[in-house]
$ cat final-v5.cif   # mmCIF, C-alpha atoms
data_work
#
loop_
_atom_site.group_PDB
_atom_site.id
_atom_site.type_symbol
_atom_site.label_atom_id
_atom_site.label_comp_id
_atom_site.auth_asym_id
_atom_site.auth_seq_id
_atom_site.Cartn_x
_atom_site.Cartn_y
_atom_site.Cartn_z
ATOM 1 C CA SER R 1 10.778 -7.371 24.616
ATOM 2 C CA SER R 2 9.571 -8.594 21.222
ATOM 3 C CA LYS R 3 12.502 -6.755 19.609
ATOM 4 C CA ASP R 4 15.264 -8.045 21.905
ATOM 5 C CA ARG R 5 17.334 -9.360 18.994
ATOM 6 C CA ALA R 6 21.001 -8.949 18.076
ATOM 7 C CA VAL R 7 23.149 -9.889 15.070
ATOM 8 C CA PHE R 8 26.922 -10.403 15.253
ATOM 9 C CA PRO R 9 28.037 -10.459 11.594
ATOM 10 C CA ALA R 10 31.240 -11.546 9.903
ATOM 11 C CA TYR R 11 31.248 -8.365 7.812
ATOM 12 C CA ILE R 12 29.665 -4.941 8.355
ATOM 13 C CA PRO R 13 28.947 -3.419 4.895
ATOM 14 C CA SER R 14 28.116 0.059 6.204
ATOM 15 C CA GLN R 15 31.529 0.236 7.910
ATOM 16 C CA LYS R 16 33.396 -1.860 5.325
ATOM 17 C CA ARG R 17 35.119 -3.919 7.988
ATOM 18 C CA ASP R 18 35.053 -7.326 9.622
ATOM 19 C CA GLY R 19 32.475 -7.884 12.327
ATOM 20 C CA PRO R 20 32.567 -9.781 15.644
ATOM 21 C CA PHE R 21 31.978 -13.210 14.059
ATOM 22 C CA VAL R 22 35.558 -13.270 12.738
ATOM 23 C CA SER R 23 37.234 -11.761 15.818
ATOM 24 C CA ASP R 24 39.700 -13.666 18.015
ATOM 25 C CA LEU R 25 37.245 -13.657 20.917
ATOM 26 C CA GLY R 26 35.910 -17.002 22.155
ATOM 27 C CA ASP R 27 36.525 -20.134 20.107
ATOM 28 C CA ALA R 28 37.798 -18.613 16.849
ATOM 29 C CA ASP R 29 39.009 -22.026 15.625
ATOM 30 C CA ALA R 30 35.491 -23.436 15.883
ATOM 31 C CA ARG R 31 34.125 -20.509 13.870
ATOM 32 C CA ARG R 32 36.756 -21.033 11.184
ATOM 33 C CA ALA R 33 35.882 -24.739 11.040
ATOM 34 C CA LEU R 34 32.194 -23.880 10.683
ATOM 35 C CA THR R 35 32.973 -21.411 7.895
ATOM 36 C CA SER R 36 34.963 -24.092 6.046
ATOM 37 C CA THR R 37 32.105 -26.606 6.373
ATOM 38 C CA ILE R 38 29.572 -24.045 5.153
ATOM 39 C CA SER R 39 31.780 -23.264 2.138
ATOM 40 C CA GLN R 40 31.768 -26.945 1.175
ATOM 41 C CA LEU R 41 27.999 -27.008 1.630
ATOM 42 C CA ARG R 42 27.732 -24.071 -0.732
ATOM 43 C CA PHE R 43 29.734 -25.943 -3.373
ATOM 44 C CA ASP R 44 27.520 -29.019 -3.006
ATOM 45 C CA LEU R 45 24.323 -26.941 -3.275
ATOM 46 C CA ALA R 46 25.534 -25.161 -6.400
ATOM 47 C CA LYS R 47 25.991 -28.546 -8.073
ATOM 48 C CA GLY R 48 22.950 -30.303 -6.627
ATOM 49 C CA LEU R 49 20.501 -27.453 -7.298
ATOM 50 C CA ASP R 50 22.037 -26.562 -10.670
ATOM 51 C CA ARG R 51 22.777 -23.027 -9.448
ATOM 52 C CA PRO R 52 26.360 -22.510 -10.645
ATOM 53 C CA GLY R 53 26.222 -18.882 -9.542
ATOM 54 C CA LEU R 54 26.368 -20.074 -5.935
ATOM 55 C CA ASP R 55 29.849 -21.529 -6.386
ATOM 56 C CA THR R 56 31.801 -18.287 -6.057
ATOM 57 C CA PRO R 57 34.590 -17.285 -3.664
ATOM 58 C CA ASP R 58 33.394 -16.164 -0.248
ATOM 59 C CA GLY R 59 33.386 -12.437 0.362
ATOM 60 C CA PRO R 60 31.289 -9.532 1.621
ATOM 61 C CA ASN R 61 29.262 -9.385 -1.608
ATOM 62 C CA ASN R 62 28.306 -13.030 -1.944
ATOM 63 C CA HIS R 63 27.998 -14.577 1.509
ATOM 64 C CA GLU R 64 26.548 -13.326 4.779
ATOM 65 C CA ILE R 65 27.271 -15.180 8.018
ATOM 66 C CA SER R 66 26.604 -14.171 11.615
ATOM 67 C CA PHE R 67 25.515 -15.175 15.092
ATOM 68 C CA THR R 68 21.918 -14.261 15.885
ATOM 69 C CA ARG R 69 20.509 -13.910 19.380
ATOM 70 C CA PHE R 70 16.864 -13.728 20.456
ATOM 71 C CA GLY R 71 16.232 -12.636 24.029
ATOM 72 C CA ALA R 72 13.266 -13.691 26.137
ATOM 73 C CA GLY R 73 10.046 -12.631 24.426
ATOM 74 C CA ALA R 74 11.708 -11.801 21.086
ATOM 75 C CA ASN R 75 10.112 -12.799 17.809
ATOM 76 C CA LEU R 76 10.377 -12.002 14.101
ATOM 77 C CA ALA R 77 7.298 -11.395 11.956
ATOM 78 C CA ARG R 78 6.512 -13.289 8.764
ATOM 79 C CA HIS R 79 8.679 -12.313 5.792
ATOM 80 C CA VAL R 80 10.804 -13.638 2.935
ATOM 81 C CA ASP R 81 14.564 -13.085 2.838
ATOM 82 C CA GLU R 82 14.869 -11.734 -0.702
ATOM 83 C CA HIS R 83 12.704 -9.701 -3.086
ATOM 84 C CA HIS R 84 12.773 -8.821 -6.763
ATOM 85 C CA GLU R 85 14.882 -5.790 -7.644
ATOM 86 C CA GLU R 86 11.800 -3.835 -8.746
ATOM 87 C CA VAL R 87 10.082 -4.015 -5.352
ATOM 88 C CA LYS R 88 13.128 -2.605 -3.542
ATOM 89 C CA GLY R 89 12.632 0.875 -4.936
ATOM 90 C CA ARG R 90 15.483 3.127 -6.057
ATOM 91 C CA ALA R 91 18.273 0.874 -4.729
ATOM 92 C CA GLY R 92 16.906 -2.323 -6.239
ATOM 93 C CA TRP R 93 19.417 -2.678 -9.055
ATOM 94 C CA SER R 94 22.412 -1.266 -7.161
ATOM 95 C CA LYS R 95 23.763 -4.511 -5.661
ATOM 96 C CA PRO R 96 25.953 -6.984 -7.570
ATOM 97 C CA THR R 97 24.463 -10.044 -5.833
ATOM 98 C CA ARG R 98 21.277 -11.232 -4.166
ATOM 99 C CA ARG R 99 20.387 -13.751 -1.487
ATOM 100 C CA SER R 100 19.764 -17.170 -2.979
ATOM 101 C CA ILE R 101 19.843 -19.791 -0.181
ATOM 102 C CA SER R 102 19.127 -19.067 3.484
ATOM 103 C CA TRP R 103 20.707 -21.328 6.101
ATOM 104 C CA LEU R 104 21.091 -21.576 9.851
ATOM 105 C CA VAL R 105 22.524 -23.911 12.486
ATOM 106 C CA TYR R 106 20.900 -23.759 15.912
ATOM 107 C CA LEU R 107 23.261 -23.417 18.872
ATOM 108 C CA ASN R 108 20.856 -24.006 21.748
ATOM 109 C CA GLU R 109 21.126 -26.667 24.436
ATOM 110 C CA PRO R 110 19.746 -30.133 23.547
ATOM 111 C CA ASP R 111 17.101 -29.859 26.272
ATOM 112 C CA TRP R 112 15.377 -26.936 24.503
ATOM 113 C CA SER R 113 11.601 -27.474 24.634
ATOM 114 C CA VAL R 114 9.177 -25.642 22.370
ATOM 115 C CA GLN R 115 6.506 -26.079 25.026
ATOM 116 C CA THR R 116 8.459 -24.187 27.691
ATOM 117 C CA ASP R 117 11.060 -22.265 25.625
ATOM 118 C CA GLY R 118 9.214 -21.435 22.366
ATOM 119 C CA GLY R 119 11.269 -19.895 19.551
ATOM 120 C CA GLU R 120 10.194 -22.225 16.729
ATOM 121 C CA LEU R 121 10.925 -21.318 13.114
ATOM 122 C CA ARG R 122 7.489 -21.289 11.467
ATOM 123 C CA THR R 123 7.586 -21.887 7.720
ATOM 124 C CA TYR R 124 4.762 -21.572 5.205
ATOM 125 C CA GLU R 125 5.359 -24.340 2.702
ATOM 126 C CA ARG R 126 3.359 -25.310 -0.383
ATOM 127 C CA LYS R 127 0.804 -28.077 -0.068
ATOM 128 C CA ILE R 128 1.649 -29.254 -3.584
ATOM 129 C CA ALA R 129 5.215 -29.415 -4.854
ATOM 130 C CA SER R 130 6.020 -27.063 -7.708
ATOM 131 C CA ALA R 131 6.038 -28.610 -11.167
ATOM 132 C CA TYR R 132 9.043 -26.435 -12.130
ATOM 133 C CA PRO R 133 12.202 -25.096 -10.446
ATOM 134 C CA VAL R 134 11.461 -22.207 -8.091
ATOM 135 C CA GLY R 135 13.164 -18.980 -7.061
ATOM 136 C CA SER R 136 14.405 -17.445 -10.294
ATOM 137 C CA ARG R 137 14.443 -17.906 -14.024
ATOM 138 C CA ASN R 138 17.467 -16.487 -15.850
ATOM 139 C CA GLY R 139 17.732 -13.798 -13.176
ATOM 140 C CA ASP R 140 14.010 -12.976 -13.010
ATOM 141 C CA LEU R 141 12.869 -13.621 -9.456
ATOM 142 C CA GLN R 142 9.674 -15.423 -8.569
ATOM 143 C CA ILE R 143 6.954 -13.314 -6.955
ATOM 144 C CA GLY R 144 3.951 -15.649 -6.970
ATOM 145 C CA TRP R 145 2.212 -18.940 -7.715
ATOM 146 C CA LEU R 146 -0.536 -20.230 -9.957
ATOM 147 C CA ALA R 147 -2.434 -22.748 -7.865
ATOM 148 C CA PRO R 148 -3.526 -26.040 -9.468
ATOM 149 C CA SER R 149 -6.975 -26.238 -11.045
ATOM 150 C CA LYS R 150 -9.220 -28.974 -12.395
ATOM 151 C CA GLU R 151 -7.920 -28.285 -15.895
ATOM 152 C CA ASP R 152 -4.268 -27.875 -14.871
ATOM 153 C CA ARG R 153 -3.072 -29.928 -11.899
ATOM 154 C CA LYS R 154 0.343 -28.263 -11.787
ATOM 155 C CA GLU R 155 1.521 -25.737 -9.202
ATOM 156 C CA ARG R 156 3.317 -23.137 -11.319
ATOM 157 C CA PRO R 157 5.808 -20.489 -10.129
ATOM 158 C CA VAL R 158 5.175 -16.972 -11.491
ATOM 159 C CA PHE R 159 8.181 -14.798 -12.366
ATOM 160 C CA LEU R 160 8.545 -11.054 -12.815
ATOM 161 C CA ASP R 161 10.321 -9.752 -15.905
ATOM 162 C CA GLY R 162 11.249 -6.312 -14.598
ATOM 163 C CA ARG R 163 13.283 -5.043 -17.539
ATOM 164 C CA ARG R 164 11.115 -5.279 -20.642
ATOM 165 C CA GLY R 165 12.910 -3.714 -23.577
ATOM 166 C CA GLY R 166 16.023 -3.302 -21.412
ATOM 167 C CA THR R 167 14.300 -0.740 -19.180
ATOM 168 C CA SER R 168 13.864 -1.258 -15.458
ATOM 169 C CA GLY R 169 10.346 -0.573 -14.251
ATOM 170 C CA ARG R 170 8.722 -1.988 -17.409
ATOM 171 C CA CYS R 171 7.293 -5.234 -16.118
ATOM 172 C CA ALA R 172 5.310 -8.327 -17.040
ATOM 173 C CA LEU R 173 4.494 -11.607 -15.279
ATOM 174 C CA TYR R 174 5.142 -15.013 -16.843
ATOM 175 C CA ILE R 175 5.200 -18.744 -16.189
ATOM 176 C CA ASP R 176 7.076 -21.609 -17.830
ATOM 177 C CA SER R 177 5.554 -23.357 -20.813
ATOM 178 C CA ASP R 178 4.568 -26.985 -20.267
ATOM 179 C CA ASP R 179 7.884 -28.173 -21.709
ATOM 180 C CA GLY R 180 9.808 -25.608 -19.644
ATOM 181 C CA GLY R 181 11.467 -24.163 -22.720
ATOM 182 C CA ARG R 182 9.548 -20.906 -23.207
ATOM 183 C CA ARG R 183 8.018 -18.008 -21.311
ATOM 184 C CA VAL R 184 4.239 -17.742 -21.290
ATOM 185 C CA TYR R 185 3.316 -14.173 -20.387
ATOM 186 C CA LEU R 186 0.270 -13.691 -18.176
ATOM 187 C CA THR R 187 0.087 -9.900 -18.396
ATOM 188 C CA LYS R 188 0.700 -7.028 -20.714
ATOM 189 C CA GLU R 189 3.499 -4.635 -19.797
ATOM 190 C CA PHE R 190 2.885 -2.499 -16.714
ATOM 191 C CA ASP R 191 4.912 -0.025 -14.650
ATOM 192 C CA SER R 192 6.358 -1.273 -11.384
ATOM 193 C CA ASP R 193 5.139 1.853 -9.613
ATOM 194 C CA PRO R 194 2.408 1.852 -8.430
ATOM 195 C CA TYR R 195 1.336 -1.656 -9.443
ATOM 196 C CA LEU R 196 3.937 -3.587 -7.401
ATOM 197 C CA PHE R 197 3.703 -1.352 -4.347
ATOM 198 C CA LEU R 198 -0.030 -0.734 -3.880
ATOM 199 C CA THR R 199 -1.294 -4.172 -4.730
ATOM 200 C CA SER R 200 -2.582 -7.515 -3.459
ATOM 201 C CA ASP R 201 -3.606 -10.937 -4.756
ATOM 202 C CA PHE R 202 -7.001 -9.467 -5.630
ATOM 203 C CA PHE R 203 -5.467 -6.681 -7.715
ATOM 204 C CA VAL R 204 -3.259 -9.016 -9.758
ATOM 205 C CA GLN R 205 -6.031 -11.610 -10.136
ATOM 206 C CA ASN R 206 -8.572 -9.151 -11.466
ATOM 207 C CA LEU R 207 -6.689 -6.278 -13.100
ATOM 208 C CA LEU R 208 -3.253 -7.400 -14.255
ATOM 209 C CA ILE R 209 -3.840 -10.941 -15.540
ATOM 210 C CA GLN R 210 -6.126 -10.739 -18.562
ATOM 211 C CA ASN R 211 -7.206 -14.389 -18.500
ATOM 212 C CA HIS R 212 -9.523 -14.463 -15.485
ATOM 213 C CA GLY R 213 -9.360 -18.237 -15.270
ATOM 214 C CA LEU R 214 -5.612 -17.961 -14.714
ATOM 215 C CA GLY R 215 -5.990 -14.814 -12.628
ATOM 216 C CA ARG R 216 -8.111 -16.561 -10.015
ATOM 217 C CA ARG R 217 -5.240 -19.002 -9.454
ATOM 218 C CA PHE R 218 -2.644 -16.331 -8.641
ATOM 219 C CA HIS R 219 -1.208 -15.765 -5.166
ATOM 220 C CA TYR R 220 1.826 -13.728 -4.177
ATOM 221 C CA VAL R 221 4.634 -15.591 -2.437
ATOM 222 C CA GLU R 222 4.333 -12.761 0.093
ATOM 223 C CA GLN R 223 1.835 -9.977 -0.494
ATOM 224 C CA PRO R 224 3.350 -6.464 -0.346
ATOM 225 C CA LYS R 225 3.007 -4.985 3.131
ATOM 226 C CA SER R 226 0.599 -2.073 3.583
ATOM 227 C CA ALA R 227 -2.063 -0.792 5.981
ATOM 228 C CA MET R 228 -4.404 -3.336 4.369
ATOM 229 C CA THR R 229 -2.166 -6.389 4.897
ATOM 230 C CA ALA R 230 -4.097 -7.625 7.934
ATOM 231 C CA TYR R 231 -7.268 -7.793 5.831
ATOM 232 C CA PHE R 232 -5.815 -9.897 3.004
ATOM 233 C CA LYS R 233 -6.990 -13.471 2.716
ATOM 234 C CA SER R 234 -4.417 -16.170 3.424
ATOM 235 C CA ASP R 235 -3.142 -18.379 0.630
ATOM 236 C CA PRO R 236 -5.026 -21.713 0.728
ATOM 237 C CA GLY R 237 -2.071 -23.349 -1.031
ATOM 238 C CA GLU R 238 0.125 -23.028 2.060
ATOM 239 C CA TYR R 239 0.537 -25.180 5.147
ATOM 240 C CA VAL R 240 2.440 -24.472 8.349
ATOM 241 C CA LYS R 241 5.549 -26.414 9.325
ATOM 242 C CA ASP R 242 7.372 -25.583 12.568
ATOM 243 C CA VAL R 243 11.044 -26.353 13.235
ATOM 244 C CA ALA R 244 12.249 -26.607 16.833
ATOM 245 C CA PRO R 245 15.524 -24.711 17.435
ATOM 246 C CA ILE R 246 17.358 -27.717 18.875
ATOM 247 C CA GLY R 247 21.139 -27.324 18.956
ATOM 248 C CA GLY R 248 22.906 -28.859 15.944
ATOM 249 C CA THR R 249 19.870 -28.649 13.633
ATOM 250 C CA LEU R 250 20.717 -27.390 10.124
ATOM 251 C CA VAL R 251 17.960 -25.594 8.187
ATOM 252 C CA MET R 252 18.211 -24.454 4.549
ATOM 253 C CA PHE R 253 15.628 -22.957 2.191
ATOM 254 C CA ASP R 254 15.232 -20.822 -0.910
ATOM 255 C CA SER R 255 15.541 -17.157 0.077
ATOM 256 C CA VAL R 256 12.894 -15.977 -2.400
ATOM 257 C CA THR R 257 10.050 -18.461 -2.090
ATOM 258 C CA LEU R 258 9.637 -19.547 1.550
ATOM 259 C CA PRO R 259 7.744 -17.167 3.855
ATOM 260 C CA HIS R 260 8.702 -17.733 7.474
ATOM 261 C CA GLU R 261 8.688 -16.200 10.929
ATOM 262 C CA VAL R 262 10.249 -16.829 14.331
ATOM 263 C CA LEU R 263 7.792 -17.432 17.156
ATOM 264 C CA ALA R 264 8.426 -15.710 20.476
ATOM 265 C CA THR R 265 10.947 -17.199 22.852
ATOM 266 C CA MET R 266 9.902 -17.500 26.489
ATOM 267 C CA GLU R 267 12.543 -17.418 29.218
ATOM 268 C CA ARG R 268 15.797 -18.523 27.575
ATOM 269 C CA GLU R 269 18.009 -16.895 24.949
ATOM 270 C CA ARG R 270 17.806 -18.458 21.487
ATOM 271 C CA TRP R 271 21.073 -18.631 19.479
ATOM 272 C CA ALA R 272 21.961 -19.645 15.922
ATOM 273 C CA ALA R 273 24.712 -19.288 13.351
ATOM 274 C CA SER R 274 22.969 -18.104 10.214
ATOM 275 C CA GLY R 275 23.616 -16.684 6.799
ATOM 276 C CA TRP R 276 22.770 -16.423 3.131
ATOM 277 C CA PHE R 277 24.541 -17.740 0.057
ATOM 278 C CA HIS R 278 24.424 -15.142 -2.697
ATOM 279 C CA GLU R 279 24.436 -15.418 -6.457
ATOM 280 C CA ALA R 280 24.808 -12.746 -9.121
ATOM 281 C CA GLN R 281 21.957 -10.325 -9.575
ATOM 282 C CA GLN R 282 20.887 -9.237 -13.046
ATOM 283 C CA PRO R 283 23.067 -6.512 -14.588
ATOM 284 C CA ILE R 284 21.819 -2.944 -14.265
ATOM 285 C CA PRO R 285 19.397 -2.299 -17.170
ATOM 286 C CA GLY R 286 20.532 -0.011 -19.957
ATOM 287 C CA THR R 287 17.706 2.395 -19.098
ATOM 288 C CA GLN R 288 16.265 2.969 -15.657
ATOM 289 C CA ILE R 289 13.075 4.673 -14.569
ATOM 290 C CA ILE R 290 14.122 6.589 -11.453
ATOM 291 C CA LEU R 291 11.184 7.161 -9.123
#
$ encode --input "final-v5.cif" --output "structure tokens"
Amino acid sequence: SSKDRAVFPAYIPSQKRDGPFVSDLGDADARRALTSTISQLRFDLAKGLDRPGLDTPDGPNNHEISFTRFGAGANLARHVDEHHEEVKGRAGWSKPTRRSISWLVYLNEPDWSVQTDGGELRTYERKIASAYPVGSRNGDLQIGWLAPSKEDRKERPVFLDGRRGGTSGRCALYIDSDDGGRRVYLTKEFDSDPYLFLTSDFFVQNLLIQNHGLGRRFHYVEQPKSAMTAYFKSDPGEYVKDVAPIGGTLVMFDSVTLPHEVLATMERERWAASGWFHEAQQPIPGTQIIL
């Protein structure tokens, strides 16, 4: 079955209790050792990526960790692991933290073959490296890209300011100035609903961004899903990179900016230890538009 997947978490938020990952079953010492190593990795990433918000004590609100199992035939469609608060609807601002870095360690046998076993992680990376840091800017999450042009050779991340005037739902898109010290707004203010829910690259390019030269360069990191998704054009700024799920392989990526999917496994079960490092989400705005 394509949906033969299971997750064995360390913490179950809906039940407010520990999950099977931290039980005494199996090799609990090995799981504790892995958790300790991952905590050190988190510290190193916070320093190396200049994301001090990552370096916080582990707990149910700032770190997810689990075993994940894919049965024969299982896959996972293309997606990103985190979205801006404004595209999550009513609950968008209700969480204290958000996913920042996704990670996984494959636990499969070393003889795993993508030709006979499948199960590759397919990532959609950028052909040109971003000229500026990606993911978020002072809490505003990235939702798109401005592709390079003849006049501007830089690949520029596009961020969503979703709290104009301190009110959630009042939005505008911006990029960094050339020196990285200022915001350059691409749009006038607009309401998150319906513009962020019934939209596409074409809509933003032609209706939201006033400068059509800049508008033509815009692409969502991941276009909002709808009945029209299958008809959207792909982003020419992407290229495909597959990662074989060989045991012992460590994979890490930004939770906001890397679309990815898991290709179908064939006959064998596919296992990984996986999780997300969290960092603080923006505070709840003083005024909220409740939809």
$ resolve_selection --input "final-v5.cif" --expression "the PyMOL selection byres ((chain R and resi 237) around 6)" --output "PDB file with C-alpha atoms, in the frame of the given file"
ATOM      1  CA  ARG R 126       3.359 -25.310  -0.383  1.00  0.00           C
ATOM      2  CA  LYS R 127       0.804 -28.077  -0.068  1.00  0.00           C
ATOM      3  CA  ASP R 235      -3.142 -18.379   0.630  1.00  0.00           C
ATOM      4  CA  PRO R 236      -5.026 -21.713   0.728  1.00  0.00           C
ATOM      5  CA  GLU R 238       0.125 -23.028   2.060  1.00  0.00           C
TER       6      GLU R 238
END
$ closest_residue --input "final-v5.cif" --among "R:Pro133, R:Gly92, R:Gly26, R:Gly73" --to "Leu49 of chain R" --atoms "all atoms listed in the file"
R:Pro133
$ resolve_selection --input "final-v5.cif" --expression "the PyMOL selection byres ((chain R and resi 77-88) around 6)" --output "number ranges by chain"
R: 76, 89, 92-93, 99, 141, 255-256, 259-261
$ closest_residue --input "final-v5.cif" --among "R:Val240, R:Leu173, R:Ile65, R:Leu41" --to "Asp161 of chain R" --atoms "all atoms listed in the file"
R:Leu173
$ residues_around --input "final-v5.cif" --residues "Ala273 of chain R" --least-positions-apart "6" --cutoff "8 Å" --atoms "all atoms listed in the file" --output "MDAnalysis selection string"
chainID R and resid 65:68 104:107
$ resolve_selection --input "final-v5.cif" --expression "the PyMOL selection byres ((chain R and resi 119-124) around 7)" --output "MDAnalysis selection string"
chainID R and resid 114 117:118 125:126 238:245 258:265 270
$ atom_distance --input "final-v5.cif" --atom1 "atom CA of Asn108 of chain R" --atom2 "atom CA of Asp44 of chain R"
26.1 Å
$ residues_around --input "final-v5.cif" --residues "Arg170 of chain R" --least-positions-apart "2" --cutoff "8 Å" --atoms "all atoms listed in the file" --output "PyMOL selection string"
chain R and resi 162-165+167-168+172+189-192
$ atom_distance --input "final-v5.cif" --atom1 "atom CA of Asp18 of chain R" --atom2 "atom CA of Val251 of chain R"
25.1 Å
$ closest_residue --input "final-v5.cif" --among "R:Tyr132, R:Gln282, R:Glu151, R:Phe202" --to "Asp178 of chain R" --atoms "all atoms listed in the file"
R:Tyr132
$ atom_distance --input "final-v5.cif" --atom1 "atom CA of Thr35 of chain R" --atom2 "atom CA of Glu279 of chain R"
17.7 Å
$ closest_residue --input "final-v5.cif" --among "R:Ser100, R:Thr116, R:Gln15, R:Thr37" --to "Glu267 of chain R" --atoms "all atoms listed in the file"
R:Thr116
$ closest_residue --input "final-v5.cif" --among "R:Ala46, R:Leu186, R:Ile143, R:Val7" --to "Leu207 of chain R" --atoms "all atoms listed in the file"
R:Leu186
$ closest_residue --input "final-v5.cif" --among "R:Met252, R:Leu146, R:Ile175, R:Ala30" --to "Gly215 of chain R" --atoms "only C-alpha atoms"
R:Leu146
$ residues_near_point --input "final-v5.cif" --point "(-6.5, -24.5, -10.3)" --cutoff "10 Å" --atoms "all atoms listed in the file" --output "ChimeraX atom specification"
/R:146-156,213-218
